[in-house]
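Notes to accompany the following structure.
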Amino acid sequence: MIIRAALCPSPPLLASGVTGLADVLPELREACEAAVGWLLAAAPDEVTVIGPAAATATWPPDSVPDLSMHAPALNRARPTPAAALPPPSPLPLSLAIGAQLLDAAGYSGPRVLQSVAESASPDACLDLGRDLAADAPLTALLVMGDGSARRSAAAPGYLDERAEPFDTVVEQALRDGDLPALAALDPDLARDLLAAGRPAWQALAGALSPGARPRTRILYSDAPFGVTYLVATLDPAS
Amino acid sequence: MIMDDVAGAASESRPRRTPGPLRLGGREFPPERALVMAIVNRTPDSFYRPGATWDEDVALERVHAIVAEGADLLDIGGVPAKPGPEVTVAEEIRRIVPFVERVRAAYPDLVISVDTWRHEPARAACEAGADLLNDTWSAWDPKVADVAAEFGAGLVCSHVGVALPRTRPHRAAFADVAADALDRVLLLAGRALAAGVEADRIVIDPAHDFGKNTWHSLEVTRRLEDLTATGWPVLMSASRKDFVGETLGVGVDDRLAGTLAVTAVGAWLGARMFRAHDVRQTRQALDMVASIKGDRPPARLTRGLA
């Protein structure tokens, strides 16, 4: 049973040290910390982090968040294990950021790290969410998902005029607790708009009870680098 | 005094040093922090912008500016390296000591080096608050080391070859200039230790252009690791010098790019102190190299990370 859910984006710049000496977007980090803090305040039996990745998979819960794919210098000081074992494959970015947020909040309880394929169909995402909720004890769900990366000419994916209406639909759905609107998001349009969060949002829609209308709060909504970041909390108990 | 007793020198030690912090004045600098030593000439006739800081008030303004630009220490000199009108001991003291006092009064913690090769000005400078003696002419006057020891100051041990102070190299020749530089600076480091200079206040310097032609200066740059591998902090003093000008075929006003290239190579090979006219640009070059090496977090990153 999902007792609370929170939504955070997963840009590499949220990870500690990745932006160098400067603290970039402290207000975004604070919003994420507030959302995770609220999630943990319900004292869940476990936390499930779900985020998009190349493939749907469950990752070892003790996986260490490793941003070396994005910032190789950061991990150079780490001692090499003496054993000749191959290094474990690093967590996908979305789960690494989620795990770092949990670590930063001091959470050491049970955690499930679940990726959902970027290409997963809406139905597959909804099913995955339902399965996660069905198996679970009192679970807090941390959903990692970014809006479109095509919000401006300076955006990573350059400007696409369809991006703002798309992000507005997502934000409005979150404001209204409108899970069917999330379930109805078009995966092809989301892919075109580089909106990485789509499968995770649809898994969220599946994880909450059908017909539920969670009470929500938007803690952050902006696209400072042309990528839309949404931070929200969802309380299904109401 | 001019030529060492060769047999005696051969039996002296060439000490290595465990890499560690460099102490100057009350400050301590870790090995991964490359320092900018900003030049302040109290001369009317230095080779670059002669007389630019001859006026004492202008010189102090220059100090304010270069501190703001990121200078870690100053190098105040009263005698040009090149030949020219004699500067007596008394005149050298008159040029540098009141100025050291003024800088010290304005900046109680700023590290002050004095570029001198005679012990009388060295002593007067230390009394006025100097922290480091940049003995560019390779211990021509061995009492400079004694002064450093007496005042707890640092000492730069440099290599010149056979040239005398304020002379130009004439048909300079070395069987192996890098090996000669290594041998000489280690010999002087050993003598400095014997004189009582603290080990963590000793710096070594191959002294580009001093007693060397341009081939020699390029060679000691290329083989700088021979020096950095000793563990002693290495000073690079290459700013706008003739070996840069000759290598690029440019005049003194057009040597910044070449100087920064030497700076970057030196930093990559492990030099820890860079004597510079162009403080802001040198600081930027060193910061860039430090971030490439992984010794310094970059300033502000968002590219590809949003």
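By order in the structure tokens, chains are A, B, ...; within a chain, residues start at 1; ligands start at 1, following the order shown.
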Check your understanding: Which neighbours of stretch 177-187 of chain A fall inside 9 Å, counting only C-alpha atoms, when residues of the same chain fewer than 6 positions from it are skipped, and could you give them as a PyMOL selection string?
Key -> chain A and resi 119-123+125-126+166+169-170+198-199+201-206+208+210-216+234+236
Exercise for review: Find the residues near B:Val160: any atom within 8 Å, counting only C-alpha atoms, skip ones fewer than 3 places away on the same chain, and give them as an NGL selection string.
Suggested key: :B and (137-138 or 163 or 181 or 206-207 or 210-212)
Review point. Would you list which chain A residues are within 9 Å of chain B using only C-alpha atoms, as a PyMOL selection string?
Key: chain A and resi 10-14+17-24+70+73-74+76+149+155-156+224-227
Practice item. Run DSSP on the backbone and give me the residues of stretch 97-176 of chain B it puts in strand (DSSP E), as a list in words. Key: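 Everything in stretch 97-176 of chain B that counts as strand (DSSP E) is Val111, Ile112, Ser113, Val114, Asp115, Leu132, Leu133, Asn134, Asp135, Gly154, Leu155, Val156, Cys157 and Ser158 of chain B.
Considering only C-alpha atoms, the residue among B:Val262, B:Ala128, B:Ala229, B:Leu187 positioned nearest to B:Thr18 is B:Ala229.
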Check your understanding: Among stretch 8-207 of chain A, which residues carry a DSSP assignment of helix (DSSP H, G or I), reported as an MDAnalysis selection string?
Key -> chainID A and resid 12:14 26:41 72:75 93:104 122:135 163:176 179:183 187:192 198:207
Check your understanding: Near A:Ala34, counting only C-alpha atoms, which residues have an atom at most 12 Å away, once you skip same-chain residues fewer than 2 positions from it, shown as a list in words?
Key -> Ala6, Leu7, Cys8, Glu27, Leu28, Arg29, Glu30, Ala31, Cys32, Val36, Gly37, Trp38, Leu39, Leu40, Ala41, Leu101, Leu102, Ala104, Ala105, Arg217, Ile218, Leu219, Tyr220, Val231, Ala232 and Thr233 of chain A
Check your understanding: Contacts of A:Asp146 at 6 Å or less, counting only C-alpha atoms, minus same-chain residues fewer than 4 places along, as a VMD selection string?
Key -> chain A and resid 9 196 to 197 229
